[in-house]
file start09.pdb (PDB, C-alpha atoms)
ATOM      1  CA  GLY F 234       0.000   0.000   0.000  1.00  0.00           C
ATOM      2  CA  ALA F 235       0.880   3.651  -0.056  1.00  0.00           C
ATOM      3  CA  VAL F 236       3.629   4.676   2.310  1.00  0.00           C
ATOM      4  CA  VAL F 237       4.833   8.004   3.544  1.00  0.00           C
ATOM      5  CA  SER F 238       8.357   7.967   4.889  1.00  0.00           C
ATOM      6  CA  GLN F 239       9.659  10.574   7.286  1.00  0.00           C
ATOM      7  CA  HIS F 240      13.261  11.157   8.320  1.00  0.00           C
ATOM      8  CA  PRO F 241      14.718  11.428  10.868  1.00  0.00           C
ATOM      9  CA  SER F 242      12.562   9.653  13.425  1.00  0.00           C
ATOM     10  CA  TRP F 243      14.035  11.705  16.201  1.00  0.00           C
ATOM     11  CA  VAL F 244      16.525  14.500  16.538  1.00  0.00           C
ATOM     12  CA  ILE F 245      18.091  16.405  19.384  1.00  0.00           C
ATOM     13  CA  CYS F 246      19.568  19.788  18.638  1.00  0.00           C
ATOM     14  CA  LYS F 247      20.908  22.769  20.484  1.00  0.00           C
ATOM     15  CA  SER F 248      18.958  25.957  20.796  1.00  0.00           C
ATOM     16  CA  GLY F 249      19.621  28.303  17.887  1.00  0.00           C
ATOM     17  CA  THR F 250      20.424  25.628  15.339  1.00  0.00           C
ATOM     18  CA  SER F 251      18.275  24.544  12.392  1.00  0.00           C
ATOM     19  CA  VAL F 252      16.813  21.139  11.751  1.00  0.00           C
ATOM     20  CA  LYS F 253      15.527  19.698   8.477  1.00  0.00           C
ATOM     21  CA  ILE F 254      12.851  17.013   8.361  1.00  0.00           C
ATOM     22  CA  GLU F 255      12.128  15.107   5.167  1.00  0.00           C
ATOM     23  CA  CYS F 256       8.832  13.621   4.078  1.00  0.00           C
ATOM     24  CA  ARG F 257       8.706  11.282   1.110  1.00  0.00           C
ATOM     25  CA  SER F 258       5.861   9.526  -0.624  1.00  0.00           C
ATOM     26  CA  LEU F 259       7.393   6.184  -1.548  1.00  0.00           C
ATOM     27  CA  ASP F 260       5.105   4.661  -4.142  1.00  0.00           C
ATOM     28  CA  PHE F 261       2.862   7.473  -5.255  1.00  0.00           C
ATOM     29  CA  GLN F 262       3.060  11.090  -6.308  1.00  0.00           C
ATOM     30  CA  ALA F 263       1.851  13.729  -3.914  1.00  0.00           C
ATOM     31  CA  THR F 264       1.289  17.233  -5.208  1.00  0.00           C
ATOM     32  CA  THR F 265       0.180  18.212  -1.741  1.00  0.00           C
ATOM     33  CA  MET F 266       1.612  17.279   1.618  1.00  0.00           C
ATOM     34  CA  PHE F 267       0.642  18.491   5.034  1.00  0.00           C
ATOM     35  CA  TRP F 268       2.739  19.186   8.107  1.00  0.00           C
ATOM     36  CA  TYR F 269       1.249  18.673  11.537  1.00  0.00           C
ATOM     37  CA  ARG F 270       2.651  19.265  14.995  1.00  0.00           C
ATOM     38  CA  GLN F 271       1.676  17.533  18.198  1.00  0.00           C
ATOM     39  CA  PHE F 272       2.718  18.728  21.632  1.00  0.00           C
ATOM     40  CA  PRO F 273       2.650  16.276  24.554  1.00  0.00           C
ATOM     41  CA  LYS F 274      -0.856  15.233  25.582  1.00  0.00           C
ATOM     42  CA  GLN F 275      -2.372  17.352  22.839  1.00  0.00           C
ATOM     43  CA  SER F 276      -3.924  16.560  19.507  1.00  0.00           C
ATOM     44  CA  LEU F 277      -2.462  17.142  16.069  1.00  0.00           C
ATOM     45  CA  MET F 278      -2.528  20.668  14.762  1.00  0.00           C
ATOM     46  CA  LEU F 279      -2.063  21.491  11.117  1.00  0.00           C
ATOM     47  CA  MET F 280       0.899  23.780  10.569  1.00  0.00           C
ATOM     48  CA  ALA F 281       1.006  24.180   6.816  1.00  0.00           C
ATOM     49  CA  THR F 282       0.062  22.785   3.457  1.00  0.00           C
ATOM     50  CA  SER F 283       2.983  22.040   1.175  1.00  0.00           C
ATOM     51  CA  ASN F 284       2.305  22.421  -2.546  1.00  0.00           C
ATOM     52  CA  GLU F 285       4.672  21.018  -5.165  1.00  0.00           C
ATOM     53  CA  GLY F 286       6.236  23.799  -7.184  1.00  0.00           C
ATOM     54  CA  SER F 287       4.689  26.647  -5.231  1.00  0.00           C
ATOM     55  CA  LYS F 288       4.784  28.341  -1.869  1.00  0.00           C
ATOM     56  CA  ALA F 289       3.414  26.610   1.178  1.00  0.00           C
ATOM     57  CA  THR F 290       0.250  27.792   2.860  1.00  0.00           C
ATOM     58  CA  TYR F 291       0.631  28.343   6.572  1.00  0.00           C
ATOM     59  CA  GLU F 292      -2.054  28.134   9.208  1.00  0.00           C
ATOM     60  CA  GLN F 293      -2.751  31.092  11.408  1.00  0.00           C
ATOM     61  CA  GLY F 294      -0.146  31.554  14.084  1.00  0.00           C
ATOM     62  CA  VAL F 295       2.576  29.527  12.346  1.00  0.00           C
ATOM     63  CA  GLU F 296       5.633  31.598  11.427  1.00  0.00           C
ATOM     64  CA  LYS F 297       6.543  30.965   7.814  1.00  0.00           C
ATOM     65  CA  ASP F 298      10.037  32.362   8.275  1.00  0.00           C
ATOM     66  CA  LYS F 299      10.704  29.983  11.125  1.00  0.00           C
ATOM     67  CA  PHE F 300       9.223  26.859   9.580  1.00  0.00           C
ATOM     68  CA  LEU F 301      10.551  26.733   6.045  1.00  0.00           C
ATOM     69  CA  ILE F 302       8.805  24.323   3.734  1.00  0.00           C
ATOM     70  CA  ASN F 303      10.115  23.195   0.383  1.00  0.00           C
ATOM     71  CA  HIS F 304       8.218  20.863  -1.932  1.00  0.00           C
ATOM     72  CA  ALA F 305      10.563  20.571  -4.867  1.00  0.00           C
ATOM     73  CA  SER F 306       9.304  17.300  -6.314  1.00  0.00           C
ATOM     74  CA  LEU F 307       6.182  15.161  -6.383  1.00  0.00           C
ATOM     75  CA  THR F 308       7.639  12.821  -3.789  1.00  0.00           C
ATOM     76  CA  LEU F 309       9.520  15.047  -1.367  1.00  0.00           C
ATOM     77  CA  SER F 310       8.617  17.836   1.016  1.00  0.00           C
ATOM     78  CA  THR F 311      10.987  19.194   3.637  1.00  0.00           C
ATOM     79  CA  LEU F 312      10.337  21.166   6.789  1.00  0.00           C
ATOM     80  CA  THR F 313      13.199  23.163   8.240  1.00  0.00           C
ATOM     81  CA  VAL F 314      12.867  24.486  11.751  1.00  0.00           C
ATOM     82  CA  THR F 315      15.168  27.493  11.815  1.00  0.00           C
ATOM     83  CA  SER F 316      16.787  28.850  14.962  1.00  0.00           C
ATOM     84  CA  ALA F 317      15.088  26.207  17.027  1.00  0.00           C
ATOM     85  CA  HIS F 318      14.159  26.911  20.623  1.00  0.00           C
ATOM     86  CA  PRO F 319      13.044  24.582  23.398  1.00  0.00           C
ATOM     87  CA  GLU F 320       9.413  25.557  22.825  1.00  0.00           C
ATOM     88  CA  ASP F 321       9.724  24.077  19.323  1.00  0.00           C
ATOM     89  CA  SER F 322      10.251  20.654  20.862  1.00  0.00           C
ATOM     90  CA  SER F 323       7.378  18.596  19.542  1.00  0.00           C
ATOM     91  CA  PHE F 324       6.311  15.664  17.410  1.00  0.00           C
ATOM     92  CA  TYR F 325       6.230  16.713  13.761  1.00  0.00           C
ATOM     93  CA  ILE F 326       4.200  14.551  11.415  1.00  0.00           C
ATOM     94  CA  CYS F 327       3.800  14.858   7.680  1.00  0.00           C
ATOM     95  CA  SER F 328       1.017  13.454   5.592  1.00  0.00           C
ATOM     96  CA  ALA F 329       0.104  13.121   1.950  1.00  0.00           C
ATOM     97  CA  LEU F 330      -2.864  12.479  -0.305  1.00  0.00           C
ATOM     98  CA  LEU F 331      -2.808  10.171  -3.262  1.00  0.00           C
ATOM     99  CA  ILE F 332      -3.390  12.232  -6.380  1.00  0.00           C
ATOM    100  CA  ARG F 333      -5.996   9.839  -7.734  1.00  0.00           C
ATOM    101  CA  ASP F 334      -7.915   9.808  -4.466  1.00  0.00           C
ATOM    102  CA  ARG F 335      -8.290  13.498  -3.819  1.00  0.00           C
ATOM    103  CA  ASP F 336     -11.969  13.374  -2.905  1.00  0.00           C
ATOM    104  CA  ASN F 337     -12.915  11.847   0.416  1.00  0.00           C
ATOM    105  CA  SER F 338      -9.474  10.388   0.795  1.00  0.00           C
ATOM    106  CA  PRO F 339      -7.997   9.867   4.222  1.00  0.00           C
ATOM    107  CA  LEU F 340      -4.484  11.055   4.765  1.00  0.00           C
ATOM    108  CA  HIS F 341      -1.484   8.791   4.859  1.00  0.00           C
ATOM    109  CA  PHE F 342       0.793   9.795   7.709  1.00  0.00           C
ATOM    110  CA  GLY F 343       4.520   9.507   8.047  1.00  0.00           C
ATOM    111  CA  ASN F 344       5.987   7.977  11.186  1.00  0.00           C
ATOM    112  CA  GLY F 345       6.713  11.360  12.682  1.00  0.00           C
ATOM    113  CA  THR F 346       9.842  13.122  13.903  1.00  0.00           C
ATOM    114  CA  ARG F 347      10.410  13.742  17.585  1.00  0.00           C
ATOM    115  CA  LEU F 348      12.322  17.015  17.901  1.00  0.00           C
ATOM    116  CA  THR F 349      13.967  17.918  21.179  1.00  0.00           C
ATOM    117  CA  VAL F 350      15.685  21.277  21.457  1.00  0.00           C
ATOM    118  CA  THR F 351      18.056  21.642  24.391  1.00  0.00           C
TER     119      THR F 351
ATOM    120  CA  GLN C 190     -17.337  25.686  20.503  1.00  0.00           C
ATOM    121  CA  LYS C 191     -14.463  23.615  19.241  1.00  0.00           C
ATOM    122  CA  GLU C 192     -14.754  22.383  15.694  1.00  0.00           C
ATOM    123  CA  VAL C 193     -14.321  18.752  16.694  1.00  0.00           C
ATOM    124  CA  GLU C 194     -14.992  17.541  20.221  1.00  0.00           C
ATOM    125  CA  GLN C 195     -14.554  14.116  21.674  1.00  0.00           C
ATOM    126  CA  ASN C 196     -15.951  12.712  24.874  1.00  0.00           C
ATOM    127  CA  SER C 197     -13.587  13.295  27.719  1.00  0.00           C
ATOM    128  CA  GLY C 198     -11.526  10.384  28.807  1.00  0.00           C
ATOM    129  CA  PRO C 199      -9.724   8.458  29.754  1.00  0.00           C
ATOM    130  CA  LEU C 200     -11.969   5.502  29.044  1.00  0.00           C
ATOM    131  CA  SER C 201     -11.255   2.192  30.698  1.00  0.00           C
ATOM    132  CA  VAL C 202     -13.020  -1.018  29.731  1.00  0.00           C
ATOM    133  CA  PRO C 203     -12.411  -4.665  30.563  1.00  0.00           C
ATOM    134  CA  GLU C 204     -11.154  -7.035  27.920  1.00  0.00           C
ATOM    135  CA  GLY C 205     -13.998  -8.361  25.805  1.00  0.00           C
ATOM    136  CA  ALA C 206     -16.279  -5.404  26.455  1.00  0.00           C
ATOM    137  CA  ILE C 207     -17.543  -2.814  23.986  1.00  0.00           C
ATOM    138  CA  ALA C 208     -15.733   0.510  23.972  1.00  0.00           C
ATOM    139  CA  SER C 209     -17.766   3.480  22.794  1.00  0.00           C
ATOM    140  CA  LEU C 210     -16.055   6.621  21.572  1.00  0.00           C
ATOM    141  CA  ASN C 211     -17.988   9.741  20.653  1.00  0.00           C
ATOM    142  CA  CYS C 212     -17.308  12.800  18.574  1.00  0.00           C
ATOM    143  CA  THR C 213     -19.300  15.892  17.632  1.00  0.00           C
ATOM    144  CA  TYR C 214     -18.429  18.412  14.973  1.00  0.00           C
ATOM    145  CA  SER C 215     -19.563  21.951  14.345  1.00  0.00           C
ATOM    146  CA  ASP C 216     -19.456  22.346  10.559  1.00  0.00           C
ATOM    147  CA  ARG C 217     -22.726  21.131   9.049  1.00  0.00           C
ATOM    148  CA  VAL C 218     -21.283  20.827   5.555  1.00  0.00           C
ATOM    149  CA  SER C 219     -18.722  18.222   6.577  1.00  0.00           C
ATOM    150  CA  GLN C 220     -18.971  15.144   4.390  1.00  0.00           C
ATOM    151  CA  SER C 221     -16.097  12.943   5.488  1.00  0.00           C
ATOM    152  CA  PHE C 222     -15.267  11.615   8.915  1.00  0.00           C
ATOM    153  CA  PHE C 223     -12.295   9.628  10.056  1.00  0.00           C
ATOM    154  CA  TRP C 224     -11.202   7.734  13.120  1.00  0.00           C
ATOM    155  CA  TYR C 225      -7.499   7.381  13.735  1.00  0.00           C
ATOM    156  CA  ARG C 226      -5.731   5.318  16.357  1.00  0.00           C
ATOM    157  CA  GLN C 227      -2.504   6.618  17.829  1.00  0.00           C
ATOM    158  CA  TYR C 228      -0.230   4.577  20.011  1.00  0.00           C
ATOM    159  CA  SER C 229       2.054   6.438  22.369  1.00  0.00           C
ATOM    160  CA  GLY C 230       4.981   7.949  20.499  1.00  0.00           C
ATOM    161  CA  LYS C 231       3.632   6.905  17.106  1.00  0.00           C
ATOM    162  CA  SER C 232       1.841   8.703  14.320  1.00  0.00           C
ATOM    163  CA  PRO C 233      -1.888   8.198  13.737  1.00  0.00           C
ATOM    164  CA  GLU C 234      -3.131   5.298  11.681  1.00  0.00           C
ATOM    165  CA  LEU C 235      -6.508   5.286   9.970  1.00  0.00           C
ATOM    166  CA  ILE C 236      -8.933   2.692  11.276  1.00  0.00           C
ATOM    167  CA  MET C 237     -12.291   3.858   9.928  1.00  0.00           C
ATOM    168  CA  SER C 238     -13.730   6.326   7.489  1.00  0.00           C
ATOM    169  CA  ILE C 239     -17.420   7.084   7.046  1.00  0.00           C
ATOM    170  CA  TYR C 240     -19.220   9.357   4.620  1.00  0.00           C
ATOM    171  CA  SER C 241     -22.918   8.433   4.816  1.00  0.00           C
ATOM    172  CA  ASN C 242     -25.435   8.421   7.621  1.00  0.00           C
ATOM    173  CA  GLY C 243     -25.794   5.130   9.406  1.00  0.00           C
ATOM    174  CA  ASP C 244     -23.391   2.425  10.426  1.00  0.00           C
ATOM    175  CA  LYS C 245     -20.264   1.128   8.801  1.00  0.00           C
ATOM    176  CA  GLU C 246     -18.693  -2.025  10.092  1.00  0.00           C
ATOM    177  CA  ASP C 247     -15.156  -3.275   9.632  1.00  0.00           C
ATOM    178  CA  GLY C 248     -14.228  -6.258  11.733  1.00  0.00           C
ATOM    179  CA  ARG C 249     -14.556  -5.349  15.387  1.00  0.00           C
ATOM    180  CA  PHE C 250     -14.987  -1.671  14.568  1.00  0.00           C
ATOM    181  CA  THR C 251     -18.263   0.065  13.794  1.00  0.00           C
ATOM    182  CA  ALA C 252     -18.521   3.731  12.921  1.00  0.00           C
ATOM    183  CA  GLN C 253     -21.864   5.466  13.265  1.00  0.00           C
ATOM    184  CA  LEU C 254     -22.682   8.772  11.621  1.00  0.00           C
ATOM    185  CA  ASN C 255     -25.638  11.065  12.215  1.00  0.00           C
ATOM    186  CA  LYS C 256     -25.240  14.218  10.176  1.00  0.00           C
ATOM    187  CA  ALA C 257     -28.434  15.764  11.507  1.00  0.00           C
ATOM    188  CA  SER C 258     -27.043  15.587  15.026  1.00  0.00           C
ATOM    189  CA  GLN C 259     -23.492  16.263  13.840  1.00  0.00           C
ATOM    190  CA  TYR C 260     -22.340  13.206  15.675  1.00  0.00           C
ATOM    191  CA  VAL C 261     -19.998  10.379  14.794  1.00  0.00           C
ATOM    192  CA  SER C 262     -19.051   7.485  17.024  1.00  0.00           C
ATOM    193  CA  LEU C 263     -16.769   4.492  17.042  1.00  0.00           C
ATOM    194  CA  LEU C 264     -17.621   1.215  18.698  1.00  0.00           C
ATOM    195  CA  ILE C 265     -14.979  -1.372  19.366  1.00  0.00           C
ATOM    196  CA  ARG C 266     -16.406  -4.795  20.085  1.00  0.00           C
ATOM    197  CA  ASP C 267     -14.565  -7.496  21.976  1.00  0.00           C
ATOM    198  CA  SER C 268     -11.992  -4.966  23.126  1.00  0.00           C
ATOM    199  CA  GLN C 269      -8.441  -6.232  23.424  1.00  0.00           C
ATOM    200  CA  PRO C 270      -5.513  -4.865  25.425  1.00  0.00           C
ATOM    201  CA  SER C 271      -3.867  -4.078  22.076  1.00  0.00           C
ATOM    202  CA  ASP C 272      -6.701  -1.617  21.432  1.00  0.00           C
ATOM    203  CA  SER C 273      -5.344   0.553  24.240  1.00  0.00           C
ATOM    204  CA  ALA C 274      -4.406   3.799  22.509  1.00  0.00           C
ATOM    205  CA  THR C 275      -5.591   7.317  21.875  1.00  0.00           C
ATOM    206  CA  TYR C 276      -8.428   7.535  19.380  1.00  0.00           C
ATOM    207  CA  LEU C 277      -8.694  10.650  17.291  1.00  0.00           C
ATOM    208  CA  CYS C 278     -11.767  11.832  15.453  1.00  0.00           C
ATOM    209  CA  ALA C 279     -10.943  13.929  12.389  1.00  0.00           C
ATOM    210  CA  VAL C 280     -12.976  16.027  10.009  1.00  0.00           C
ATOM    211  CA  PRO C 281     -11.715  17.813   6.901  1.00  0.00           C
ATOM    212  CA  ALA C 282     -11.228  21.479   7.686  1.00  0.00           C
ATOM    213  CA  GLY C 283     -13.750  23.884   6.233  1.00  0.00           C
ATOM    214  CA  GLY C 284     -16.177  21.088   5.457  1.00  0.00           C
ATOM    215  CA  THR C 285     -14.262  20.030   2.369  1.00  0.00           C
ATOM    216  CA  SER C 286     -13.143  16.546   1.560  1.00  0.00           C
ATOM    217  CA  TYR C 287      -9.677  17.664   0.681  1.00  0.00           C
ATOM    218  CA  GLY C 288      -6.798  16.629   2.916  1.00  0.00           C
ATOM    219  CA  LYS C 289      -6.566  19.248   5.677  1.00  0.00           C
ATOM    220  CA  LEU C 290      -7.900  17.635   8.820  1.00  0.00           C
ATOM    221  CA  THR C 291      -9.135  19.079  12.063  1.00  0.00           C
ATOM    222  CA  PHE C 292      -8.625  16.644  14.899  1.00  0.00           C
ATOM    223  CA  GLY C 293     -10.471  16.263  18.137  1.00  0.00           C
ATOM    224  CA  GLN C 294      -8.492  16.251  21.325  1.00  0.00           C
ATOM    225  CA  GLY C 295      -8.491  12.476  21.423  1.00  0.00           C
ATOM    226  CA  THR C 296      -9.855   9.909  23.840  1.00  0.00           C
ATOM    227  CA  ILE C 297      -7.425   7.675  25.676  1.00  0.00           C
ATOM    228  CA  LEU C 298      -8.729   4.122  25.811  1.00  0.00           C
ATOM    229  CA  THR C 299      -7.355   1.536  28.173  1.00  0.00           C
ATOM    230  CA  VAL C 300      -8.464  -2.072  27.881  1.00  0.00           C
ATOM    231  CA  HIS C 301      -7.510  -3.988  30.987  1.00  0.00           C
ATOM    232  CA  PRO C 302      -7.230  -7.777  31.101  1.00  0.00           C
TER     233      PRO C 302
END
call {"tool": "encode", "arguments": {"input": "start09.pdb", "output": "structure tokens"}}
result
Amino acid sequence: GAVVSQHPSWVICKSGTSVKIECRSLDFQATTMFWYRQFPKQSLMLMATSNEGSKATYEQGVEKDKFLINHASLTLSTLTVTSAHPEDSSFYICSALLIRDRDNSPLHFGNGTRLTVT
Amino acid sequence: QKEVEQNSGPLSVPEGAIASLNCTYSDRVSQSFFWYRQYSGKSPELIMSIYSNGDKEDGRFTAQLNKASQYVSLLIRDSQPSDSATYLCAVPAGGTSYGKLTFGQGTILTVHP
């Protein structure tokens, strides 16, 4: 079946550094990918919609200059957390839709990336 | 009112019992509804989707949808300890069927032997 791969699974970085997270659709093309964030004991919150070949669309309250999204191909979207701070520590999860199943299609989620900023 | 609300947990049921999880949503034009299961430290996995009023059964899982009441539920029959997880109700944002999901806060289910 369709698989969304996310890398790395976990990362620890120092405050002020940048971290890049990759999201790949392994056996299908995804013109649109979504980035979610989940803080401990909270639900998933959509951060942004990543569109292949165009700028990402950010949800209200998400800083586009801090969370850089690049969707350069139909199978890869990257999220870069710039100048990370401890409050950015969270579980970041990407997801993708199959192109052929745009209507009423549930999302396929990656395995998530646990980011810890020290 | 939150867009998607789930019954407060945690919910604890004995093995073999029926677990009932409830969700209400605020956007009347919503057409698609999803239940995800999330184990601790893992990403969500889809267990049920429902688009029409009524019941939809898949193995031990039954989703029930009532659009008039803006209510969707998930029943887990013959609950197993492996069903212990957080269950998330999700509705496409803005009432569309296109990918962006709004999640409820989740209900933690514990099935004890």
call {"tool": "interface_residues", "arguments": {"input": "start09.pdb", "of": "chain F", "to": "chain C", "cutoff": "12 Å", "atoms": "only C-alpha atoms", "output": "PyMOL selection string"}}
result
chain F and resi 236-239+242-243+263-283+290-292+323-332+334-348
call {"tool": "resolve_selection", "arguments": {"input": "start09.pdb", "expression": "the PyMOL selection byres ((chain C and resi 194-200) around 10)", "output": "number ranges by chain"}}
result
C: 190-193, 201-202, 208-215, 260-262, 273, 275-279, 292-300
call {"tool": "resolve_selection", "arguments": {"input": "start09.pdb", "expression": "the PyMOL selection byres ((chain F and resi 310) around 9)", "output": "number ranges by chain"}}
result
F: 254-258, 265-267, 283-285, 302-309, 311-312, 327
call {"tool": "atom_distance", "arguments": {"input": "start09.pdb", "atom1": "atom CA of F:Val244", "atom2": "atom CA of F:Ala289"}}
result
23.5 Å
call {"tool": "resolve_selection", "arguments": {"input": "start09.pdb", "expression": "the PyMOL selection byres ((chain C and resi 246-251) around 9)", "output": "ChimeraX atom specification"}}
result
/C:236-237,244-245,252-253,262-268
call {"tool": "atom_distance", "arguments": {"input": "start09.pdb", "atom1": "atom CA of C:Lys256", "atom2": "atom CA of C:Arg217"}}
result
7.4 Å
call {"tool": "atom_distance", "arguments": {"input": "start09.pdb", "atom1": "atom CA of F:Cys246", "atom2": "atom CA of F:Val314"}}
result
10.7 Å
call {"tool": "residues_around", "arguments": {"input": "start09.pdb", "residues": "F:Asp298", "least_positions_apart": "3", "cutoff": "9 Å", "atoms": "all atoms listed in the file", "output": "list in words"}}
result
Val295, Leu301 and Thr315 of chain F
call {"tool": "closest_residue", "arguments": {"input": "start09.pdb", "among": "F:Ile245, F:Val350, F:Phe300, F:Ser251", "to": "F:Asp321", "atoms": "all atoms listed in the file"}}
result
F:Val350
call {"tool": "residues_around", "arguments": {"input": "start09.pdb", "residues": "F:Gly249", "least_positions_apart": "2", "cutoff": "7 Å", "atoms": "all atoms listed in the file", "output": "PyMOL selection string"}}
result
chain F and resi 247+251+316-318
